[in-house]
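With mmCIF, C-alpha atoms inside, this is query_23.cif:
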data_coords
loop_
_atom_site.label_atom_id
_atom_site.label_comp_id
_atom_site.auth_asym_id
_atom_site.auth_seq_id
_atom_site.Cartn_x
_atom_site.Cartn_y
_atom_site.Cartn_z
CA MET D 461 -14.19 9.00 145.02
CA LEU D 462 -16.40 11.02 147.33
CA LEU D 463 -15.13 9.15 150.33
CA GLU D 464 -11.57 9.91 149.26
CA GLN D 465 -12.34 13.62 149.10
CA ILE D 466 -14.01 13.64 152.49
CA LEU D 467 -11.05 11.80 153.96
CA PHE D 468 -8.63 14.23 152.36
CA PHE D 469 -10.35 17.30 153.74
CA VAL D 470 -10.73 15.83 157.20
CA ALA D 471 -7.07 14.82 157.29
CA ALA D 472 -5.91 18.11 155.78
CA GLY D 473 -7.90 20.05 158.37
CA GLY D 474 -6.39 17.92 161.11
CA ALA D 475 -2.88 18.45 159.75
CA ILE D 476 -3.29 22.21 159.55
CA ALA D 477 -4.91 22.39 162.98
CA GLY D 478 -2.09 20.33 164.45
CA ALA D 479 0.53 22.51 162.79
CA LEU D 480 -1.13 25.68 164.06
CA GLY D 481 -1.33 24.12 167.50
CA VAL D 482 2.40 23.46 167.52
CA VAL D 483 3.14 27.08 166.72
CA VAL D 484 0.48 28.79 168.81
CA LEU D 485 0.27 26.78 172.03
CA ARG D 486 2.39 28.23 174.79
CA ASN D 487 3.17 25.11 176.76
CA PRO D 488 5.77 22.94 174.94
CA PHE D 489 4.06 19.79 176.19
CA PHE D 490 0.83 20.68 174.40
CA SER D 491 2.89 21.58 171.34
CA VAL D 492 4.27 18.04 171.30
CA LEU D 493 0.77 16.61 171.61
CA ALA D 494 -0.41 18.80 168.75
CA LEU D 495 2.49 17.53 166.65
CA VAL D 496 1.43 13.95 167.36
CA GLY D 497 -2.04 14.75 166.03
CA HIS D 498 -0.48 16.43 163.02
CA LEU D 499 1.64 13.37 162.28
CA LEU D 500 -1.36 11.05 162.51
CA ALA D 501 -3.27 13.22 160.06
CA LEU D 502 -0.28 13.21 157.73
CA ALA D 503 -0.18 9.42 157.88
CA VAL D 504 -3.77 9.38 156.60
CA LEU D 505 -2.69 11.65 153.74
CA PHE D 506 0.19 9.30 152.96
CA LEU D 507 -2.31 6.46 152.74
CA LEU D 508 -4.36 8.48 150.27
CA LEU D 509 -1.20 8.84 148.18
CA ARG D 510 -0.70 5.06 148.19
CA ALA D 511 2.35 5.15 150.44
CA GLU D 512 1.34 2.45 152.88
CA PHE D 513 4.79 1.65 154.18
CA LEU D 514 5.62 5.28 154.81
CA ALA D 515 2.33 5.81 156.62
CA ALA D 516 3.16 2.92 158.93
CA ALA D 517 6.70 4.20 159.42
CA GLN D 518 5.36 7.65 160.14
CA ILE D 519 3.12 6.36 162.90
CA VAL D 520 5.57 3.91 164.42
CA VAL D 521 8.81 5.88 164.15
CA TYR D 522 7.63 9.46 164.28
CA ALA D 523 4.47 9.56 166.33
CA GLY D 524 5.78 6.69 168.44
CA ALA D 525 9.51 6.87 169.06
CA VAL D 526 10.55 10.42 168.23
CA MET D 527 7.63 12.00 170.05
CA VAL D 528 8.34 9.94 173.15
CA LEU D 529 11.84 11.37 173.06
CA TYR D 530 10.36 14.84 172.89
CA VAL D 531 8.02 14.17 175.79
CA PHE D 532 10.92 12.93 177.89
CA VAL D 533 12.99 16.01 177.21
CA VAL D 534 10.03 18.33 177.87
CA ALA D 535 9.47 16.57 181.16
CA TYR D 536 13.17 16.78 182.00
CA VAL D 537 13.68 20.41 181.11
CA GLY D 538 10.26 21.40 182.37
CA GLY D 539 7.45 22.89 180.39
CA ILE D 540 8.50 26.49 180.32
CA GLU D 541 5.58 28.68 179.41
CA GLU D 542 6.81 31.54 177.35
CA PRO D 543 5.03 34.53 175.90
CA LEU D 544 4.56 34.32 172.18
CA GLY D 545 6.87 36.39 170.09
CA SER D 546 10.40 37.51 170.57
CA SER D 547 11.59 39.27 173.69
CA ALA D 548 12.56 42.64 172.35
CA GLY D 549 14.26 44.48 169.56
CA PRO D 550 13.95 44.06 165.83
CA LEU D 551 13.36 40.29 166.06
CA ARG D 552 9.92 40.89 167.50
CA VAL D 553 8.86 42.68 164.36
CA LEU D 554 10.98 40.96 161.76
CA GLY D 555 10.04 37.38 162.63
CA PRO D 556 6.32 37.61 161.78
CA VAL D 557 7.11 39.85 158.81
CA PHE D 558 9.41 37.26 157.30
CA ALA D 559 6.90 34.52 158.02
CA ALA D 560 4.14 36.46 156.23
CA ALA D 561 6.50 37.20 153.35
CA LEU D 562 7.26 33.49 152.99
CA LEU D 563 3.55 32.67 152.98
CA VAL D 564 2.92 35.23 150.25
CA GLU D 565 5.83 33.94 148.24
CA VAL D 566 4.71 30.33 148.42
CA ALA D 567 1.12 31.34 147.66
CA ILE D 568 2.34 33.14 144.52
CA ALA D 569 4.41 30.13 143.54
CA THR D 570 1.56 27.67 143.94
CA VAL D 571 -1.41 29.73 142.79
CA GLY D 572 0.49 31.63 140.13
CA SER D 573 1.81 28.56 138.41
CA GLY D 574 -1.63 26.98 138.64
CA LEU D 575 0.15 23.71 139.36
CA ARG D 576 -0.58 22.63 135.82
CA ALA D 577 2.14 20.02 135.76
CA VAL D 578 0.74 18.08 138.68
CA ASP D 579 -2.95 18.79 138.37
CA SER D 580 -3.99 15.22 137.91
CA THR D 581 -4.70 12.28 140.11
CA GLY D 582 -1.55 10.59 138.90
CA PRO D 583 -1.24 7.51 136.76
CA ASP D 584 -2.81 4.24 137.75
CA VAL D 585 -0.31 2.26 139.74
CA ALA D 586 -0.03 -1.41 140.44
CA ALA D 587 -1.43 -2.90 143.62
CA GLY D 588 1.88 -3.09 145.48
CA PHE D 589 2.91 0.51 144.81
CA GLY D 590 3.96 1.71 148.24
CA SER D 591 4.19 -1.65 149.91
CA PRO D 592 7.18 -2.65 152.05
CA GLN D 593 8.25 -5.00 149.28
CA ALA D 594 8.43 -2.23 146.69
CA ILE D 595 10.26 0.11 149.05
CA GLY D 596 12.65 -2.64 150.05
CA ASN D 597 13.39 -3.48 146.45
CA LEU D 598 14.16 0.13 145.69
CA LEU D 599 16.32 0.52 148.79
CA MET D 600 18.32 -2.61 148.14
CA LEU D 601 18.70 -2.30 144.39
CA ARG D 602 18.62 1.31 143.31
CA PHE D 603 19.36 3.27 146.47
CA LEU D 604 21.79 1.01 148.27
CA ILE D 605 24.37 3.75 148.86
CA ALA D 606 21.75 6.10 150.29
CA PHE D 607 20.53 3.29 152.53
CA GLU D 608 24.02 2.60 153.84
CA MET D 609 24.70 6.28 154.33
CA ALA D 610 21.48 6.61 156.30
CA SER D 611 22.52 3.82 158.64
CA TYR D 612 25.94 5.42 159.03
CA LEU D 613 24.30 8.77 159.76
CA LEU D 614 22.13 7.15 162.43
CA LEU D 615 25.24 5.66 164.05
CA VAL D 616 27.00 9.02 164.05
CA ALA D 617 23.93 10.70 165.54
CA ALA D 618 23.68 8.10 168.30
CA VAL D 619 27.33 8.56 169.23
CA ALA D 620 26.94 12.32 169.11
CA ALA D 621 23.90 12.20 171.37
CA VAL D 622 25.86 10.20 173.94
CA VAL D 623 28.77 12.64 173.75
CA LEU D 624 26.48 15.67 174.02
CA ALA D 625 24.39 14.42 176.89
CA GLN D 626 27.13 12.96 179.05
CA ARG D 627 28.60 14.91 181.93
CA ARG D 628 31.98 16.22 180.93
CA ARG D 629 34.01 16.75 184.01
CA GLY D 630 36.12 19.65 182.84
CA LEU D 631 33.29 21.64 181.33
CA GLU D 632 30.90 20.90 184.17
CA GLU D 633 33.41 22.15 186.69
CA ALA D 634 34.24 25.23 184.69
CA GLY D 635 30.63 26.19 184.13
CA GLY D 636 28.36 24.32 186.48
CA GLU D 637 30.52 24.56 189.55
CA ARG D 638 30.66 28.31 189.44
CA PHE D 639 26.89 28.57 189.19
CA SER D 640 26.36 26.01 191.89
CA GLN D 641 28.63 27.75 194.37
CA VAL D 642 26.75 30.97 193.99
CA GLY D 643 23.47 29.21 194.59
CA ARG D 644 24.51 26.70 197.20
CA ARG D 645 26.65 28.60 199.68
CA PRO D 646 23.89 29.48 202.13
CA GLU D 647 22.25 26.06 202.15
CA ARG D 648 25.46 24.20 202.69
CA GLY D 649 25.92 25.16 206.33
CA PRO D 650 23.64 22.76 208.19
CA GLN D 651 24.76 19.76 206.17
CA ALA D 652 28.49 20.39 206.40
CA GLU D 653 28.98 17.64 208.97
CA ASP D 654 27.56 15.09 206.55
CA PRO D 655 30.61 13.57 204.82
CA ALA D 656 28.67 12.84 201.66
CA ALA D 657 27.43 16.40 201.39
CA ALA D 658 30.90 17.78 202.05
CA GLY D 659 32.35 15.76 199.21
CA THR D 660 29.72 16.91 196.75
CA GLY D 661 31.56 19.83 195.28
CA SER D 662 35.13 18.54 195.42
CA PRO D 663 36.87 17.84 192.12
CA GLY D 664 37.50 14.22 192.98
CA ALA D 665 33.86 13.42 193.63
CA SER D 666 32.26 10.46 191.94
CA PRO D 667 29.98 11.00 188.96
CA VAL D 668 26.96 10.27 191.12
CA THR D 669 27.69 13.09 193.50
CA GLU D 670 28.77 15.27 190.59
CA ARG D 671 25.16 15.25 189.47
CA GLU D 672 24.19 17.46 192.35
CA PRO D 673 25.36 20.91 191.17
CA ALA D 674 23.97 20.50 187.69
CA ASP D 675 20.45 19.69 188.86
CA GLY D 676 17.82 22.32 188.68
CA THR D 677 15.89 21.29 191.76
CA GLY D 678 16.63 22.38 195.27
CA PRO D 679 19.62 20.67 196.81
CA ALA D 680 17.95 20.16 200.15
CA GLU D 681 15.45 17.57 198.99
CA ARG D 682 18.04 15.74 196.91
CA GLU D 683 20.58 15.51 199.69
CA PRO D 684 19.40 12.25 201.32
CA ALA D 685 19.43 10.36 198.02
CA THR D 686 22.93 11.53 197.24
CA ALA D 687 24.12 10.66 200.68
CA GLY D 688 22.67 7.18 200.30
CA THR D 689 24.35 6.49 197.00
CA SER D 690 27.67 7.85 198.18
CA ALA D 691 27.54 5.84 201.35
CA SER D 692 26.80 2.65 199.48
CA ARG D 693 29.60 3.42 197.09
CA GLU D 694 32.13 4.00 199.83
CA GLY D 695 30.95 1.13 201.95
CA MET R 668 -8.06 13.68 144.46
CA GLY R 669 -5.70 15.90 142.50
CA ILE R 670 -2.04 15.92 143.37
CA ALA R 671 -2.12 19.72 143.41
CA TRP R 672 -4.22 19.68 146.58
CA PHE R 673 -1.51 17.80 148.40
CA VAL R 674 1.19 20.13 147.14
CA VAL R 675 -0.74 23.21 148.25
CA LEU R 676 -1.35 21.65 151.64
CA SER R 677 2.33 20.86 152.04
CA ALA R 678 3.19 24.46 151.12
CA PHE R 679 0.79 25.68 153.82
CA ILE R 680 2.25 23.39 156.46
CA PHE R 681 5.75 24.43 155.48
CA CYS R 682 4.81 28.09 155.93
CA ILE R 683 3.27 27.42 159.33
CA GLY R 684 6.42 25.62 160.42
CA ALA R 685 8.66 28.38 159.12
CA ALA R 686 6.57 30.97 160.95
CA GLY R 687 7.03 28.97 164.14
CA VAL R 688 10.78 28.79 163.68
CA LEU R 689 10.91 32.54 163.09
CA THR R 690 8.67 33.61 165.95
CA ARG R 691 9.07 31.14 168.81
CA ARG R 692 11.88 31.38 171.35
CA ASN R 693 11.88 28.02 173.09
CA PRO R 694 14.41 25.76 171.32
CA LEU R 695 12.15 22.77 171.95
CA VAL R 696 9.31 24.39 170.04
CA ILE R 697 11.72 25.49 167.31
CA LEU R 698 12.71 21.84 166.89
CA LEU R 699 9.03 20.88 166.71
CA CYS R 700 8.48 23.49 164.00
CA LEU R 701 11.48 22.11 162.10
CA GLU R 702 9.69 18.76 162.20
CA LEU R 703 6.66 20.45 160.67
CA MET R 704 8.76 21.78 157.82
CA LEU R 705 10.41 18.42 157.20
CA ASN R 706 7.04 16.71 157.20
CA ALA R 707 5.69 19.21 154.71
CA GLY R 708 8.63 18.35 152.47
CA ASN R 709 7.88 14.66 152.93
CA LEU R 710 4.27 15.19 151.92
CA ALA R 711 5.34 16.99 148.76
CA LEU R 712 7.85 14.24 147.94
CA ILE R 713 5.24 11.54 148.32
CA ALA R 714 2.71 13.54 146.31
CA PHE R 715 5.22 13.88 143.49
CA ALA R 716 6.05 10.19 143.72
CA ARG R 717 2.35 9.48 143.23
CA ALA R 718 2.21 11.92 140.32
CA SER R 719 5.15 10.32 138.55
CA GLY R 720 4.00 6.82 139.33
CA ASN R 721 7.22 5.35 140.68
CA GLY R 722 8.45 4.88 144.20
CA ASP R 723 11.68 6.87 144.13
CA GLY R 724 10.12 9.81 145.94
CA GLN R 725 8.94 7.52 148.71
CA VAL R 726 12.47 6.27 149.28
CA PHE R 727 13.58 9.88 149.36
CA ALA R 728 10.94 10.65 152.00
CA LEU R 729 12.13 7.67 154.03
CA ILE R 730 15.68 9.04 153.99
CA VAL R 731 14.34 12.44 155.04
CA MET R 732 12.70 10.72 158.01
CA VAL R 733 16.07 9.22 158.98
CA VAL R 734 17.76 12.60 158.75
CA ALA R 735 14.96 14.18 160.79
CA ALA R 736 15.40 11.57 163.51
CA CYS R 737 19.14 12.33 163.63
CA GLU R 738 18.43 16.03 163.81
CA VAL R 739 15.99 15.50 166.66
CA VAL R 740 18.52 13.48 168.62
CA ILE R 741 21.25 16.08 168.23
CA GLY R 742 18.93 18.98 168.96
CA LEU R 743 17.47 17.41 172.08
CA GLY R 744 20.99 16.48 173.23
CA LEU R 745 21.98 20.12 172.88
CA ILE R 746 18.93 21.24 174.86
CA VAL R 747 19.70 18.76 177.64
CA ALA R 748 23.31 19.98 177.71
CA MET R 749 22.09 23.57 177.92
CA TYR R 750 19.80 22.66 180.78
CA ARG R 751 22.57 20.87 182.65
CA ARG R 752 24.81 23.89 182.46
CA LYS R 753 21.96 26.12 183.68
CA LEU R 754 21.94 28.17 180.54
CA PRO R 755 18.64 29.85 179.68
CA ILE R 756 16.42 27.71 177.44
CA ASP R 757 15.80 30.65 175.16
CA ALA R 758 16.99 31.06 171.61
CA ASP R 759 17.20 34.82 171.93
CA GLN R 760 19.68 34.68 174.76
CA MET R 761 21.82 31.97 173.19
CA SER R 762 23.68 34.31 170.90
CA GLU R 763 27.21 33.10 171.53
CA LEU R 764 28.85 29.86 170.53
CA ARG R 765 30.75 29.84 173.79
CA GLY R 766 28.45 28.93 176.64
#

Would you give me this structure, written as structure tokens?
Amino acid sequence: MLLEQILFFVAAGGAIAGALGVVVLRNPFFSVLALVGHLLALAVLFLLLRAEFLAAAQIVVYAGAVMVLYVFVVAYVGGIEEPLGSSAGPLRVLGPVFAAALLVEVAIATVGSGLRAVDSTGPDVAAGFGSPQAIGNLLMLRFLIAFEMASYLLLVAAVAAVVLAQRRRGLEEAGGERFSQVGRRPERGPQAEDPAAAGTGSPGASPVTEREPADGTGPAEREPATAGTSASREG
Amino acid sequence: MGIAWFVVLSAFIFCIGAAGVLTRRNPLVILLCLELMLNAGNLALIAFARASGNGDGQVFALIVMVVAACEVVIGLGLIVAMYRRKLPIDADQMSELRG
């Protein structure tokens, strides 16, 4: 019993510290790391609540797969350090005010009600309460429709991610091309004799060369790689 | 360990996440704070499942995890698309639906 309480307070402190770290840290990369710590602490809390399967799923799926996705995107977009708080205007004031109001409201709801209905340790449950077998039985027998809908939702999300992240030619040319011409005009001169570089901005360029205008890095250092791929493609 | 402790903790984490969504500007961090809020909800669901003694709440939490994973995928896809089109990665400046 004492060990359970110690474990609860250690894990709860870790969860709150991780959550605060996500909100307060300025670099998004450190925010992701703080969220990983938060998720691990939550998995310990799930274990205390006898949800063994969910604790394992939390660690494997959340702290493993989803966070890796986050790290990749942070590395791709670049860890943009931003000042805390909104840029200007009423949002700068209203955001923290609403957050404090929500905290007060939830505090009133929890403390005011005294949580009488749930103030117990819960009934004694059988040994296999949160085991994969119990969850699987529930999913396959009672919640089959929800299970199937979840798999369908995952399929839709995967297709949507592909559609969102692919390079759409029309939109890229409408938006990205205009930006790229403003930025690239001066640097284009010395490489104009290179056939691969000349074909970079044309509408009929291959998807590999199309990548060039949308990239955030300087075109000069990317030019040899593009030329190589284009040459191999043409040859 | 009383169930009420877990519920209060989940309320705290939810508030921290909501404060992050309201105050941060980087869409990546806003997505992370959304994760915090969803996880707080998960913790409450599992606590209530323990209080009622059956596993329905745990299945519910599992479905919430699936929905959260979908939301992450869509949100990160949007951020990558924003980055590709050289739009500012800033929620305050993204005030139009039309990029």

Which of these residues is nearest to Ala472 in chain D, using only C-alpha atoms: R:Val726, R:Ala707, R:Val733, R:Leu698?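 Between R:Val726, R:Ala707, R:Val733, R:Leu698, the residue approaching Ala472 in chain D most closely is R:Ala707.
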
Considering all atoms listed in the file, give me a table of residues in chain R that are at most 8 Å from chain D, with the closest atom pair and distance in Å for each, as a Markdown table.
| residue | atom | partner | partner_atom | distance |
| --- | --- | --- | --- | --- |
| R:Met668 | CA | D:Thr581 | CA | 5.7 |
| R:Gly669 | CA | D:Thr581 | CA | 4.5 |
| R:Ile670 | CA | D:Thr581 | CA | 5.6 |
| R:Ala671 | CA | D:Asp579 | CA | 5.2 |
| R:Val675 | CA | D:Thr570 | CA | 6.6 |
| R:Leu676 | CA | D:Ala472 | CA | 7.1 |
| R:Ala678 | CA | D:Val566 | CA | 6.6 |
| R:Phe679 | CA | D:Leu563 | CA | 7.6 |
| R:Ile680 | CA | D:Ile476 | CA | 6.5 |
| R:Cys682 | CA | D:Leu563 | CA | 5.6 |
| R:Ile683 | CA | D:Ala479 | CA | 6.6 |
| R:Gly684 | CA | D:Ala479 | CA | 7.1 |
| R:Ala685 | CA | D:Ala559 | CA | 6.5 |
| R:Ala686 | CA | D:Ala559 | CA | 4.6 |
| R:Gly687 | CA | D:Val483 | CA | 5.0 |
| R:Leu689 | CA | D:Gly555 | CA | 4.9 |
| R:Thr690 | CA | D:Gly555 | CA | 5.2 |
| R:Arg691 | CA | D:Gly545 | CA | 5.8 |
| R:Arg692 | CA | D:Ser546 | CA | 6.4 |
| R:Asn693 | CA | D:Glu542 | CA | 7.5 |
| R:Leu695 | CA | D:Pro488 | CA | 7.0 |
| R:Val696 | CA | D:Pro488 | CA | 6.2 |
| R:Leu699 | CA | D:Val482 | CA | 7.2 |
| R:Cys700 | CA | D:Val483 | CA | 7.0 |
| R:Leu703 | CA | D:Ala479 | CA | 6.8 |
| R:Leu710 | CA | D:Phe506 | CA | 7.2 |
| R:Ile713 | CA | D:Leu509 | CA | 7.0 |
| R:Ala714 | CA | D:Leu509 | CA | 6.4 |
| R:Phe715 | CA | D:Val578 | CA | 7.8 |
| R:Arg717 | CA | D:Gly582 | CA | 5.9 |
| R:Ala718 | CA | D:Gly582 | CA | 4.2 |
| R:Ser719 | CA | D:Gly582 | CA | 6.7 |
| R:Gly720 | CA | D:Pro583 | CA | 5.9 |
| R:Asn721 | CA | D:Phe589 | CA | 7.7 |
| R:Gly722 | CA | D:Gly590 | CA | 6.8 |
| R:Asp723 | CA | D:Leu598 | CA | 7.3 |
| R:Gln725 | CA | D:Ala511 | CA | 7.2 |
| R:Val726 | CA | D:Ile595 | CA | 6.5 |
| R:Leu729 | CA | D:Leu514 | CA | 7.0 |
| R:Ile730 | CA | D:Ala610 | CA | 6.7 |
| R:Val733 | CA | D:Ala610 | CA | 6.6 |
| R:Val734 | CA | D:Ala610 | CA | 7.5 |
| R:Ala736 | CA | D:Val526 | CA | 6.9 |
| R:Cys737 | CA | D:Ala617 | CA | 5.4 |
| R:Glu738 | CA | D:Ala617 | CA | 7.9 |
| R:Val739 | CA | D:Val526 | CA | 7.6 |
| R:Val740 | CA | D:Ala621 | CA | 6.2 |
| R:Ile741 | CA | D:Ala621 | CA | 5.7 |
| R:Leu743 | CA | D:Val533 | CA | 7.0 |
| R:Gly744 | CA | D:Ala625 | CA | 5.4 |
| R:Leu745 | CA | D:Leu624 | CA | 6.4 |
| R:Val747 | CA | D:Ala625 | CA | 6.4 |
| R:Ala748 | CA | D:Ala625 | CA | 5.7 |
| R:Tyr750 | CA | D:Val537 | CA | 6.5 |
| R:Arg751 | CA | D:Ala674 | CA | 5.2 |
| R:Arg752 | CA | D:Gly636 | CA | 5.4 |
| R:Lys753 | CA | D:Ala674 | CA | 7.2 |
| R:Asp759 | CA | D:Ser547 | CA | 7.4 |

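Comparing R:Val688, R:Pro694, R:Phe673, R:Met704 by their smallest distance to Gln760 in chain R, the closest is R:Pro694 (using only C-alpha atoms).
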
Between CA of Ile697 in chain R and CA of Leu500 in chain D, what distance in Å does the model show, to one decimal?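 Calculated distance between CA of Ile697 in chain R and CA of Leu500 in chain D is 20.1 Å.
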
In Å, rounded to a single decimal, give me how far CA of Pro550 in chain D is from CA of Ile756 in chain R. 20.2 Å

Size and centre in Å, one decimal, axis-aligned box, all listed range 681-700 of chain R atoms plus 8 Å per side, as JSON:
{"center_x": 8.8, "center_y": 27.2, "center_z": 164.3, "size_x": 27.1, "size_y": 28.7, "size_z": 33.6}
